Amino acid sequence: MRQRLFSFLHFTRKERNGTLALLLLCILVFAAPEIFRRLKPAKSTDFSLFQQEIRAFRDSINDDKNAAEPQLFFFNPNTAALEDFIRLGLTEKVAAMICKYRDKGGSFRKPEDFKKIWGLPPEDFERLLPFIRMESSERDAPEKRFAERQTEQFNFDPNTATENDLQRLGLPPWTVKSILNYRSKGGKFRKAQDFQKIYNLDEEDFARLAPYLVFGASAATPQPWAYQSGATAAPKWPARKPVDINSADIAMWMTLPGIGEKRAQQLVSYREKLGGFLSVDQVAQMYNLPDSVFQAIRPLLLLENREIRKIDLNSVTAAELDAHPYFSKKQAELIVNYRLQHGPYRSVEDIEQIVAFTDKVWLGKVKGYLEVR
């Protein structure tokens with residue numbers, strides 16, 4: 001056995017020499033690159049151009065970050081461009097909403113009107129308010145227009161008043177033309193709300209002329225709510241019943257001054273989307289409701305029915321939350337995703353754990369509409 005193992009492992013002299021030569025050749029092949037690297041003089045690579053490109057890239061990133069930061073400057077909301085609103089720190093959606101409002105004929109007569117833009121966060125309004133600048137002619141336009149057109153005040157029947165009569169009452173030419181066209185096509189005014197439906201009749205003009213409207217009666221017949229002390233005295237509206245904002249239907253809303261059928265429908269629709277009003281001041285938040293109209297009807301608004309349709313945080317979908325006026329699509333998705341990641345909500349206050357929700361005013365506003373079942 002030993003002899004057989006020895007004969008198997010035995011190498012002849014020639015085999016040993018060949019093995020050593022092969023080993024030396026392998027060492028030489030593997031060591032050659034390192035040997036040549038050491039023998040060859042090192043070349044320095046110029047990275048200056050590459051470093052310049054890196055610095056330029058970093059500078060461009062910093063410029064983009066600086067450009068994205070809100071810039072504060074004086075602006076006129078009636079003339080500022082979409083890009084100006086974005087530079088001021090408003091979202092593209094809000095900036096587009098402002099431009100769309102202006103394109104449809106809307107205008108800002110005083111800085112406080114800017115607050116009525118749907119979707120404008122209160123903190124953005126407070127931040128931008130000191131920088132709103134409006135031309136004095138724009139601020140005074142309503143008063144000047146009223147003074148220029150308030151030539152005469154007298155009782156009139158809108159079904160028979162002539163073009164000259166309507167102009168004497170201070171109505172602008174386009175409104176006079178609309179009234180005459182409406183009558184020429186068979187339209188008839190049966191009550192004050194019908195006259196209010198003229199689409200280009202200003203709310204101020206309607207409020208000013210409503211006390212002088214008569215229907216099928218002599219224009220000389222005094223009305224129970226006519227001015228009591230001359231043309232400059234404030235009008236006394238007929239006695240009206242207060243309405244409960246959470247139970248009033250369209251007809252009840254229409255009994256209020258300055259509220260026509262279309263605006264009454266909008267108020268009922270807004271209430272349904274909210275799930276009910278928590279306070280009277282929420283009525284003023286409805287899009288396109290002038291502050292002058294709200295201030296006129298506010299003394300007639302009651303909140304006796306306090307039944308609110310609440311949203312269950314543990315079963316609501318993102319689409320259902322997005323349909324609520326107080327929630328954006330992103331906020332709705334964050335609320336639902338938090339529930340999917342952390343399990344069911346234990347209380348309404350749990351939404352404060354969502355890192356993105358830092359607006360305490362908004363949180364206080366929406367909590368009244370949320371619940372956990």
# chains A, B, ... in the order shown; residues from 1 in each chain; ligands from 1

call {"tool": "select_by_dssp", "arguments": {"residues": "segment 6-201 of chain A", "states": "helix (DSSP H, G or I)", "output": "CSV table (one decimal) with N, CA and C atoms, in the first residue's frame"}}
result
chain,number,residue,atom,x,y,z
A,6,PHE,N,3.5,5.8,-2.9
A,6,PHE,CA,4.7,6.5,-3.2
A,6,PHE,C,4.9,6.6,-4.7
A,7,SER,N,4.5,5.5,-5.4
A,7,SER,CA,4.7,5.5,-6.8
A,7,SER,C,3.7,6.5,-7.5
A,8,PHE,N,2.5,6.7,-6.9
A,8,PHE,CA,1.5,7.5,-7.5
A,8,PHE,C,1.9,9.0,-7.3
A,9,LEU,N,2.5,9.4,-6.2
A,9,LEU,CA,2.9,10.7,-5.9
A,9,LEU,C,4.4,11.0,-6.4
A,13,ARG,N,12.6,13.8,-12.3
A,13,ARG,CA,13.3,15.0,-12.3
A,13,ARG,C,12.8,16.0,-13.4
A,14,LYS,N,12.5,15.5,-14.5
A,14,LYS,CA,12.0,16.3,-15.6
A,14,LYS,C,10.6,16.9,-15.3
A,15,GLU,N,9.7,16.1,-14.6
A,15,GLU,CA,8.4,16.6,-14.2
A,15,GLU,C,8.5,17.7,-13.2
A,16,ARG,N,9.4,17.5,-12.2
A,16,ARG,CA,9.6,18.5,-11.2
A,16,ARG,C,10.1,19.8,-11.8
A,17,ASN,N,11.0,19.8,-12.7
A,17,ASN,CA,11.5,21.0,-13.4
A,17,ASN,C,10.4,21.7,-14.2
A,18,GLY,N,9.5,20.9,-14.8
A,18,GLY,CA,8.4,21.5,-15.6
A,18,GLY,C,7.4,22.2,-14.7
A,19,THR,N,7.2,21.5,-13.5
A,19,THR,CA,6.2,22.1,-12.6
A,19,THR,C,6.7,23.4,-12.1
A,20,LEU,N,8.0,23.5,-11.7
A,20,LEU,CA,8.6,24.8,-11.2
A,20,LEU,C,8.6,25.8,-12.3
A,21,ALA,N,8.9,25.5,-13.5
A,21,ALA,CA,8.8,26.5,-14.6
A,21,ALA,C,7.4,27.0,-14.8
A,22,LEU,N,6.4,26.1,-14.8
A,22,LEU,CA,5.0,26.6,-14.9
A,22,LEU,C,4.6,27.5,-13.8
A,23,LEU,N,5.1,27.2,-12.6
A,23,LEU,CA,4.7,28.0,-11.4
A,23,LEU,C,5.3,29.4,-11.5
A,24,LEU,N,6.6,29.5,-12.0
A,24,LEU,CA,7.2,30.8,-12.2
A,24,LEU,C,6.6,31.6,-13.3
A,25,LEU,N,6.1,30.9,-14.3
A,25,LEU,CA,5.4,31.6,-15.4
A,25,LEU,C,4.1,32.2,-14.9
A,26,CYS,N,3.4,31.4,-14.1
A,26,CYS,CA,2.1,32.0,-13.6
A,26,CYS,C,2.3,33.2,-12.7
A,27,ILE,N,3.4,33.1,-11.8
A,27,ILE,CA,3.7,34.2,-11.0
A,27,ILE,C,4.0,35.5,-11.8
A,28,LEU,N,4.8,35.2,-12.9
A,28,LEU,CA,5.2,36.4,-13.7
A,28,LEU,C,4.0,37.0,-14.4
A,29,VAL,N,3.1,36.1,-14.9
A,29,VAL,CA,1.9,36.7,-15.6
A,29,VAL,C,1.0,37.5,-14.7
A,30,PHE,N,0.8,37.0,-13.5
A,30,PHE,CA,-0.1,37.8,-12.5
A,30,PHE,C,0.6,39.0,-12.0
A,31,ALA,N,1.9,39.0,-11.9
A,31,ALA,CA,2.7,40.2,-11.3
A,31,ALA,C,3.0,41.2,-12.4
A,32,ALA,N,2.9,40.8,-13.6
A,32,ALA,CA,3.3,41.8,-14.7
A,32,ALA,C,2.6,43.1,-14.7
A,33,PRO,N,1.2,43.1,-14.5
A,33,PRO,CA,0.5,44.4,-14.5
A,33,PRO,C,1.0,45.4,-13.5
A,34,GLU,N,1.2,44.8,-12.3
A,34,GLU,CA,1.7,45.7,-11.2
A,34,GLU,C,3.1,46.2,-11.4
A,35,ILE,N,3.9,45.3,-12.0
A,35,ILE,CA,5.3,45.7,-12.3
A,35,ILE,C,5.3,46.8,-13.4
A,36,PHE,N,4.5,46.6,-14.4
A,36,PHE,CA,4.5,47.7,-15.5
A,36,PHE,C,3.9,49.0,-14.9
A,37,ARG,N,3.0,48.9,-14.0
A,37,ARG,CA,2.4,50.1,-13.4
A,37,ARG,C,3.4,50.9,-12.6
A,38,ARG,N,4.3,50.1,-11.9
A,38,ARG,CA,5.3,50.8,-11.1
A,38,ARG,C,6.4,51.4,-12.0
A,39,LEU,N,6.7,50.7,-13.1
A,39,LEU,CA,7.8,51.1,-13.9
A,39,LEU,C,7.4,52.3,-14.8
A,48,SER,N,-10.6,69.2,-13.7
A,48,SER,CA,-11.1,70.6,-13.5
A,48,SER,C,-12.4,70.8,-14.3
A,49,LEU,N,-12.4,70.4,-15.5
A,49,LEU,CA,-13.6,70.6,-16.3
A,49,LEU,C,-14.8,69.8,-15.7
A,50,PHE,N,-14.5,68.6,-15.3
A,50,PHE,CA,-15.6,67.8,-14.7
A,50,PHE,C,-16.1,68.5,-13.4
A,51,GLN,N,-15.2,69.0,-12.6
A,51,GLN,CA,-15.6,69.7,-11.4
A,51,GLN,C,-16.4,70.9,-11.7
A,52,GLN,N,-16.0,71.6,-12.7
A,52,GLN,CA,-16.8,72.8,-13.1
A,52,GLN,C,-18.2,72.5,-13.4
A,53,GLU,N,-18.4,71.3,-14.2
A,53,GLU,CA,-19.7,70.9,-14.5
A,53,GLU,C,-20.5,70.5,-13.3
A,54,ILE,N,-19.8,69.9,-12.3
A,54,ILE,CA,-20.5,69.5,-11.1
A,54,ILE,C,-21.0,70.8,-10.3
A,55,ARG,N,-20.1,71.8,-10.2
A,55,ARG,CA,-20.5,73.0,-9.6
A,55,ARG,C,-21.6,73.7,-10.3
A,56,ALA,N,-21.6,73.7,-11.6
A,56,ALA,CA,-22.7,74.4,-12.4
A,56,ALA,C,-24.0,73.7,-12.1
A,57,PHE,N,-23.9,72.3,-12.0
A,57,PHE,CA,-25.2,71.5,-11.8
A,57,PHE,C,-25.7,71.8,-10.4
A,58,ARG,N,-24.8,71.9,-9.4
A,58,ARG,CA,-25.3,72.2,-8.1
A,58,ARG,C,-25.9,73.6,-8.0
A,59,ASP,N,-25.2,74.6,-8.7
A,59,ASP,CA,-25.8,76.0,-8.7
A,59,ASP,C,-27.1,76.0,-9.3
A,60,SER,N,-27.4,75.2,-10.4
A,60,SER,CA,-28.7,75.2,-11.0
A,60,SER,C,-29.7,74.7,-10.1
A,61,ILE,N,-29.3,73.6,-9.3
A,61,ILE,CA,-30.3,73.1,-8.3
A,61,ILE,C,-30.7,74.1,-7.3
A,62,ASN,N,-29.6,74.8,-6.8
A,62,ASN,CA,-29.9,75.9,-5.8
A,62,ASN,C,-30.8,77.0,-6.3
A,63,ASP,N,-30.5,77.3,-7.6
A,63,ASP,CA,-31.4,78.3,-8.2
A,63,ASP,C,-32.8,77.9,-8.3
A,64,ASP,N,-33.0,76.6,-8.7
A,64,ASP,CA,-34.4,76.1,-8.7
A,64,ASP,C,-35.1,76.1,-7.4
A,65,LYS,N,-34.3,75.8,-6.3
A,65,LYS,CA,-34.8,75.8,-5.0
A,65,LYS,C,-35.2,77.2,-4.6
A,66,ASN,N,-34.3,78.2,-4.9
A,66,ASN,CA,-34.6,79.6,-4.6
A,66,ASN,C,-35.8,80.1,-5.3
A,67,ALA,N,-35.9,79.6,-6.6
A,67,ALA,CA,-37.1,80.1,-7.4
A,67,ALA,C,-38.4,79.5,-6.9
A,68,ALA,N,-38.3,78.3,-6.3
A,68,ALA,CA,-39.5,77.7,-5.8
A,68,ALA,C,-40.0,78.3,-4.5
A,82,LEU,N,-50.7,84.8,-14.0
A,82,LEU,CA,-50.7,83.5,-13.4
A,82,LEU,C,-49.4,83.2,-12.7
A,83,GLU,N,-48.3,83.6,-13.5
A,83,GLU,CA,-46.9,83.3,-13.0
A,83,GLU,C,-46.6,84.2,-11.7
A,84,ASP,N,-47.2,85.4,-11.6
A,84,ASP,CA,-47.0,86.2,-10.4
A,84,ASP,C,-47.6,85.6,-9.2
A,85,PHE,N,-48.8,85.0,-9.3
A,85,PHE,CA,-49.4,84.3,-8.2
A,85,PHE,C,-48.6,83.1,-7.7
A,86,ILE,N,-48.0,82.4,-8.7
A,86,ILE,CA,-47.2,81.2,-8.3
A,86,ILE,C,-45.9,81.7,-7.6
A,87,ARG,N,-45.3,82.8,-8.1
A,87,ARG,CA,-44.1,83.3,-7.5
A,87,ARG,C,-44.4,83.8,-6.0
A,92,GLU,N,-50.6,76.2,-8.2
A,92,GLU,CA,-51.1,76.4,-9.6
A,92,GLU,C,-52.6,76.4,-9.6
A,93,LYS,N,-53.2,75.5,-8.8
A,93,LYS,CA,-54.7,75.4,-8.8
A,93,LYS,C,-55.3,76.6,-8.3
A,94,VAL,N,-54.8,77.2,-7.3
A,94,VAL,CA,-55.4,78.5,-6.7
A,94,VAL,C,-55.2,79.6,-7.7
A,95,ALA,N,-54.0,79.7,-8.3
A,95,ALA,CA,-53.6,80.7,-9.2
A,95,ALA,C,-54.6,80.7,-10.4
A,96,ALA,N,-54.8,79.4,-10.9
A,96,ALA,CA,-55.7,79.3,-12.1
A,96,ALA,C,-57.2,79.7,-11.7
A,97,MET,N,-57.5,79.4,-10.4
A,97,MET,CA,-58.9,79.7,-10.0
A,97,MET,C,-59.1,81.3,-10.0
A,98,ILE,N,-58.0,82.0,-9.6
A,98,ILE,CA,-58.1,83.5,-9.5
A,98,ILE,C,-58.3,84.0,-11.0
A,99,CYS,N,-57.4,83.5,-11.9
A,99,CYS,CA,-57.5,83.9,-13.3
A,99,CYS,C,-58.9,83.6,-13.9
A,100,LYS,N,-59.4,82.4,-13.6
A,100,LYS,CA,-60.7,82.0,-14.1
A,100,LYS,C,-61.8,82.9,-13.6
A,101,TYR,N,-61.7,83.3,-12.3
A,101,TYR,CA,-62.7,84.2,-11.7
A,101,TYR,C,-62.7,85.5,-12.4
A,102,ARG,N,-61.5,86.0,-12.8
A,102,ARG,CA,-61.4,87.3,-13.5
A,102,ARG,C,-61.9,87.2,-14.9
A,103,ASP,N,-61.6,86.1,-15.6
A,103,ASP,CA,-62.0,85.9,-16.9
A,103,ASP,C,-63.5,85.9,-17.1
A,111,PRO,N,-59.1,94.8,-0.8
A,111,PRO,CA,-58.2,93.7,-0.5
A,111,PRO,C,-58.9,92.5,0.1
A,112,GLU,N,-60.0,92.7,0.9
A,112,GLU,CA,-60.7,91.6,1.6
A,112,GLU,C,-61.4,90.7,0.6
A,113,ASP,N,-61.7,91.2,-0.6
A,113,ASP,CA,-62.4,90.3,-1.6
A,113,ASP,C,-61.5,89.2,-2.0
A,114,PHE,N,-60.2,89.4,-1.9
A,114,PHE,CA,-59.2,88.3,-2.3
A,114,PHE,C,-59.4,87.1,-1.5
A,115,LYS,N,-59.9,87.2,-0.2
A,115,LYS,CA,-60.1,86.1,0.7
A,115,LYS,C,-61.1,85.1,0.2
A,116,LYS,N,-62.1,85.6,-0.6
A,116,LYS,CA,-63.2,84.8,-1.0
A,116,LYS,C,-62.8,83.7,-2.1
A,122,PRO,N,-56.3,80.3,4.5
A,122,PRO,CA,-56.4,81.6,5.3
A,122,PRO,C,-55.0,82.1,5.6
A,123,GLU,N,-54.0,81.2,5.9
A,123,GLU,CA,-52.6,81.7,6.2
A,123,GLU,C,-52.0,82.4,5.0
A,124,ASP,N,-52.3,81.9,3.8
A,124,ASP,CA,-51.8,82.6,2.6
A,124,ASP,C,-52.4,84.0,2.4
A,125,PHE,N,-53.7,84.1,2.7
A,125,PHE,CA,-54.3,85.4,2.6
A,125,PHE,C,-53.7,86.3,3.6
A,126,GLU,N,-53.5,85.9,4.9
A,126,GLU,CA,-52.9,86.8,5.9
A,126,GLU,C,-51.5,87.1,5.5
A,127,ARG,N,-50.8,86.2,4.8
A,127,ARG,CA,-49.4,86.5,4.4
A,127,ARG,C,-49.3,87.5,3.3
A,128,LEU,N,-50.3,87.4,2.4
A,128,LEU,CA,-50.2,88.3,1.2
A,128,LEU,C,-51.0,89.6,1.4
A,129,LEU,N,-51.9,89.7,2.4
A,129,LEU,CA,-52.7,90.9,2.6
A,129,LEU,C,-51.9,92.2,2.6
A,130,PRO,N,-50.7,92.2,3.3
A,130,PRO,CA,-50.0,93.5,3.4
A,130,PRO,C,-49.4,93.9,2.0
A,131,PHE,N,-49.4,93.0,1.1
A,131,PHE,CA,-48.8,93.3,-0.2
A,131,PHE,C,-49.8,93.5,-1.3
A,136,SER,N,-56.5,103.4,-6.6
A,136,SER,CA,-57.6,104.1,-5.9
A,136,SER,C,-58.9,104.1,-6.8
A,137,SER,N,-58.7,104.2,-8.1
A,137,SER,CA,-59.9,104.2,-9.0
A,137,SER,C,-60.6,102.9,-8.9
A,138,GLU,N,-59.9,101.8,-8.7
A,138,GLU,CA,-60.6,100.5,-8.6
A,138,GLU,C,-61.3,100.4,-7.2
A,139,ARG,N,-60.7,100.9,-6.2
A,139,ARG,CA,-61.3,100.8,-4.9
A,139,ARG,C,-62.6,101.7,-4.8
A,141,ALA,N,-64.4,102.5,-7.4
A,141,ALA,CA,-65.2,102.3,-8.6
A,141,ALA,C,-66.7,102.0,-8.2
A,142,PRO,N,-67.0,101.2,-7.2
A,142,PRO,CA,-68.4,101.0,-6.9
A,142,PRO,C,-69.1,102.2,-6.5
A,143,GLU,N,-68.4,103.0,-5.6
A,143,GLU,CA,-69.1,104.2,-5.1
A,143,GLU,C,-69.2,105.2,-6.2
A,144,LYS,N,-68.2,105.4,-7.1
A,144,LYS,CA,-68.3,106.3,-8.2
A,144,LYS,C,-69.4,105.9,-9.2
A,145,ARG,N,-69.4,104.6,-9.5
A,145,ARG,CA,-70.4,104.2,-10.4
A,145,ARG,C,-71.8,104.4,-9.9
A,146,PHE,N,-72.0,104.2,-8.5
A,146,PHE,CA,-73.3,104.4,-7.9
A,146,PHE,C,-73.7,105.9,-8.0
A,147,ALA,N,-72.7,106.7,-7.7
A,147,ALA,CA,-73.0,108.2,-7.6
A,147,ALA,C,-73.3,108.7,-9.0
A,148,GLU,N,-72.6,108.2,-10.0
A,148,GLU,CA,-72.8,108.6,-11.4
A,148,GLU,C,-74.2,108.2,-11.9
A,149,ARG,N,-74.7,107.1,-11.5
A,149,ARG,CA,-75.9,106.5,-12.1
A,149,ARG,C,-77.1,106.8,-11.2
A,163,GLU,N,-87.2,102.6,-22.0
A,163,GLU,CA,-85.8,102.7,-21.9
A,163,GLU,C,-85.3,103.9,-21.2
A,164,ASN,N,-85.9,105.0,-21.5
A,164,ASN,CA,-85.5,106.3,-20.8
A,164,ASN,C,-85.7,106.2,-19.3
A,165,ASP,N,-86.8,105.6,-18.9
A,165,ASP,CA,-87.1,105.4,-17.5
A,165,ASP,C,-86.0,104.6,-16.8
A,166,LEU,N,-85.6,103.5,-17.4
A,166,LEU,CA,-84.6,102.6,-16.9
A,166,LEU,C,-83.2,103.3,-16.8
A,167,GLN,N,-82.9,104.1,-17.8
A,167,GLN,CA,-81.7,104.9,-17.8
A,167,GLN,C,-81.7,106.0,-16.7
A,168,ARG,N,-82.9,106.6,-16.5
A,168,ARG,CA,-83.0,107.6,-15.4
A,168,ARG,C,-82.8,107.0,-14.1
A,173,PRO,N,-76.3,100.7,-19.7
A,173,PRO,CA,-77.0,100.4,-21.0
A,173,PRO,C,-77.1,98.9,-21.2
A,174,TRP,N,-76.1,98.1,-20.8
A,174,TRP,CA,-76.2,96.7,-21.1
A,174,TRP,C,-77.3,96.0,-20.3
A,175,THR,N,-77.6,96.5,-19.1
A,175,THR,CA,-78.6,96.0,-18.2
A,175,THR,C,-80.0,96.4,-18.8
A,176,VAL,N,-80.1,97.7,-19.2
A,176,VAL,CA,-81.3,98.1,-19.8
A,176,VAL,C,-81.7,97.3,-21.1
A,177,LYS,N,-80.7,97.0,-21.9
A,177,LYS,CA,-80.9,96.2,-23.1
A,177,LYS,C,-81.4,94.8,-22.7
A,178,SER,N,-80.8,94.2,-21.7
A,178,SER,CA,-81.2,92.9,-21.3
A,178,SER,C,-82.7,92.9,-20.8
A,179,ILE,N,-83.1,93.9,-20.1
A,179,ILE,CA,-84.5,94.0,-19.6
A,179,ILE,C,-85.4,94.1,-20.8
A,180,LEU,N,-85.1,95.0,-21.7
A,180,LEU,CA,-86.0,95.2,-22.9
A,180,LEU,C,-86.0,93.9,-23.8
A,181,ASN,N,-84.9,93.2,-23.9
A,181,ASN,CA,-84.9,92.0,-24.7
A,181,ASN,C,-85.7,90.9,-24.1
A,182,TYR,N,-85.6,90.8,-22.7
A,182,TYR,CA,-86.4,89.8,-22.0
A,182,TYR,C,-87.9,90.1,-22.2
A,183,ARG,N,-88.3,91.3,-22.1
A,183,ARG,CA,-89.7,91.7,-22.3
A,183,ARG,C,-90.2,91.4,-23.8
A,184,SER,N,-89.3,91.7,-24.7
A,184,SER,CA,-89.7,91.5,-26.1
A,184,SER,C,-89.9,90.1,-26.5
A,192,ALA,N,-90.3,90.6,-7.2
A,192,ALA,CA,-89.0,91.3,-7.2
A,192,ALA,C,-87.9,90.2,-7.6
A,193,GLN,N,-88.1,89.0,-7.1
A,193,GLN,CA,-87.1,88.0,-7.5
A,193,GLN,C,-87.0,87.8,-9.0
A,194,ASP,N,-88.1,88.0,-9.7
A,194,ASP,CA,-88.0,87.8,-11.2
A,194,ASP,C,-87.1,88.9,-11.8
A,195,PHE,N,-87.2,90.1,-11.2
A,195,PHE,CA,-86.3,91.2,-11.7
A,195,PHE,C,-84.8,90.9,-11.4
A,196,GLN,N,-84.6,90.3,-10.2
A,196,GLN,CA,-83.3,90.0,-9.8
A,196,GLN,C,-82.6,89.0,-10.7

call {"tool": "residues_around", "arguments": {"residues": "Phe277 of chain A", "least_positions_apart": "2", "cutoff": "12 Å", "atoms": "only C-alpha atoms", "output": "NGL selection string"}}
result
:A and (244-248 or 267-275 or 279-286 or 301-310 or 365-366 or 368-369)

call {"tool": "select_by_dssp", "arguments": {"residues": "segment 177-328 of chain A", "states": "strand (DSSP E)", "output": "ChimeraX atom specification"}}
result
/A:243-244,301-302,311-312

call {"tool": "write_last_selection", "arguments": {"atoms": "N, CA and C atoms", "output": "CSV table (one decimal), in the first residue's frame"}}
result
chain,number,residue,atom,x,y,z
A,243,VAL,N,-84.5,82.5,8.8
A,243,VAL,CA,-84.5,81.1,8.3
A,243,VAL,C,-83.4,80.3,9.0
A,244,ASP,N,-83.7,79.0,9.2
A,244,ASP,CA,-82.8,78.1,9.8
A,244,ASP,C,-81.9,77.6,8.7
A,301,LEU,N,-80.3,84.9,9.7
A,301,LEU,CA,-79.9,83.5,9.7
A,301,LEU,C,-79.9,83.0,11.1
A,302,LEU,N,-80.5,81.8,11.3
A,302,LEU,CA,-80.5,81.1,12.6
A,302,LEU,C,-79.9,79.7,12.4
A,311,ILE,N,-68.6,62.1,9.0
A,311,ILE,CA,-67.9,61.2,8.2
A,311,ILE,C,-67.1,60.2,9.1
A,312,ASP,N,-67.3,58.9,8.9
A,312,ASP,CA,-66.6,57.9,9.6
A,312,ASP,C,-65.2,57.7,9.1

call {"tool": "residues_around", "arguments": {"residues": "Phe73 of chain A", "least_positions_apart": "2", "cutoff": "8 Å", "atoms": "only C-alpha atoms", "output": "PyMOL selection string"}}
result
chain A and resi 71+75+88+131

call {"tool": "residues_around", "arguments": {"residues": "Glu349 of chain A", "least_positions_apart": "5", "cutoff": "10 Å", "atoms": "only C-alpha atoms", "output": "number ranges by chain"}}
result
A: 363, 367, 370-372

call {"tool": "residues_around", "arguments": {"residues": "Arg373 of chain A", "least_positions_apart": "4", "cutoff": "10 Å", "atoms": "only C-alpha atoms", "output": "VMD selection string"}}
result
chain A and resid 311 to 315 344 to 347

call {"tool": "write_last_selection", "arguments": {"atoms": "N, CA and C atoms", "output": "short mmCIF file (atom, residue, chain, number, x, y, z; two decimals), in the first residue's frame"}}
result
data_model
loop_
_atom_site.label_atom_id
_atom_site.label_comp_id
_atom_site.auth_asym_id
_atom_site.auth_seq_id
_atom_site.Cartn_x
_atom_site.Cartn_y
_atom_site.Cartn_z
N ILE A 311 -68.63 62.13 9.00
CA ILE A 311 -67.89 61.19 8.17
C ILE A 311 -67.14 60.23 9.08
N ASP A 312 -67.34 58.92 8.86
CA ASP A 312 -66.64 57.91 9.65
C ASP A 312 -65.24 57.71 9.07
N LEU A 313 -64.22 58.04 9.85
CA LEU A 313 -62.84 57.94 9.38
C LEU A 313 -62.42 56.50 9.06
N ASN A 314 -63.10 55.52 9.65
CA ASN A 314 -62.70 54.13 9.47
C ASN A 314 -63.41 53.44 8.31
N SER A 315 -64.29 54.13 7.62
CA SER A 315 -64.97 53.50 6.48
C SER A 315 -65.01 54.39 5.25
N PRO A 344 -57.16 51.02 12.14
CA PRO A 344 -58.33 51.91 12.33
C PRO A 344 -58.02 53.08 13.26
N TYR A 345 -58.68 54.19 13.00
CA TYR A 345 -58.56 55.35 13.88
C TYR A 345 -59.27 55.06 15.20
N ARG A 346 -58.66 55.48 16.28
CA ARG A 346 -59.27 55.31 17.60
C ARG A 346 -60.04 56.55 18.04
N SER A 347 -59.64 57.70 17.49
CA SER A 347 -60.35 58.96 17.78
C SER A 347 -60.09 59.93 16.64
#
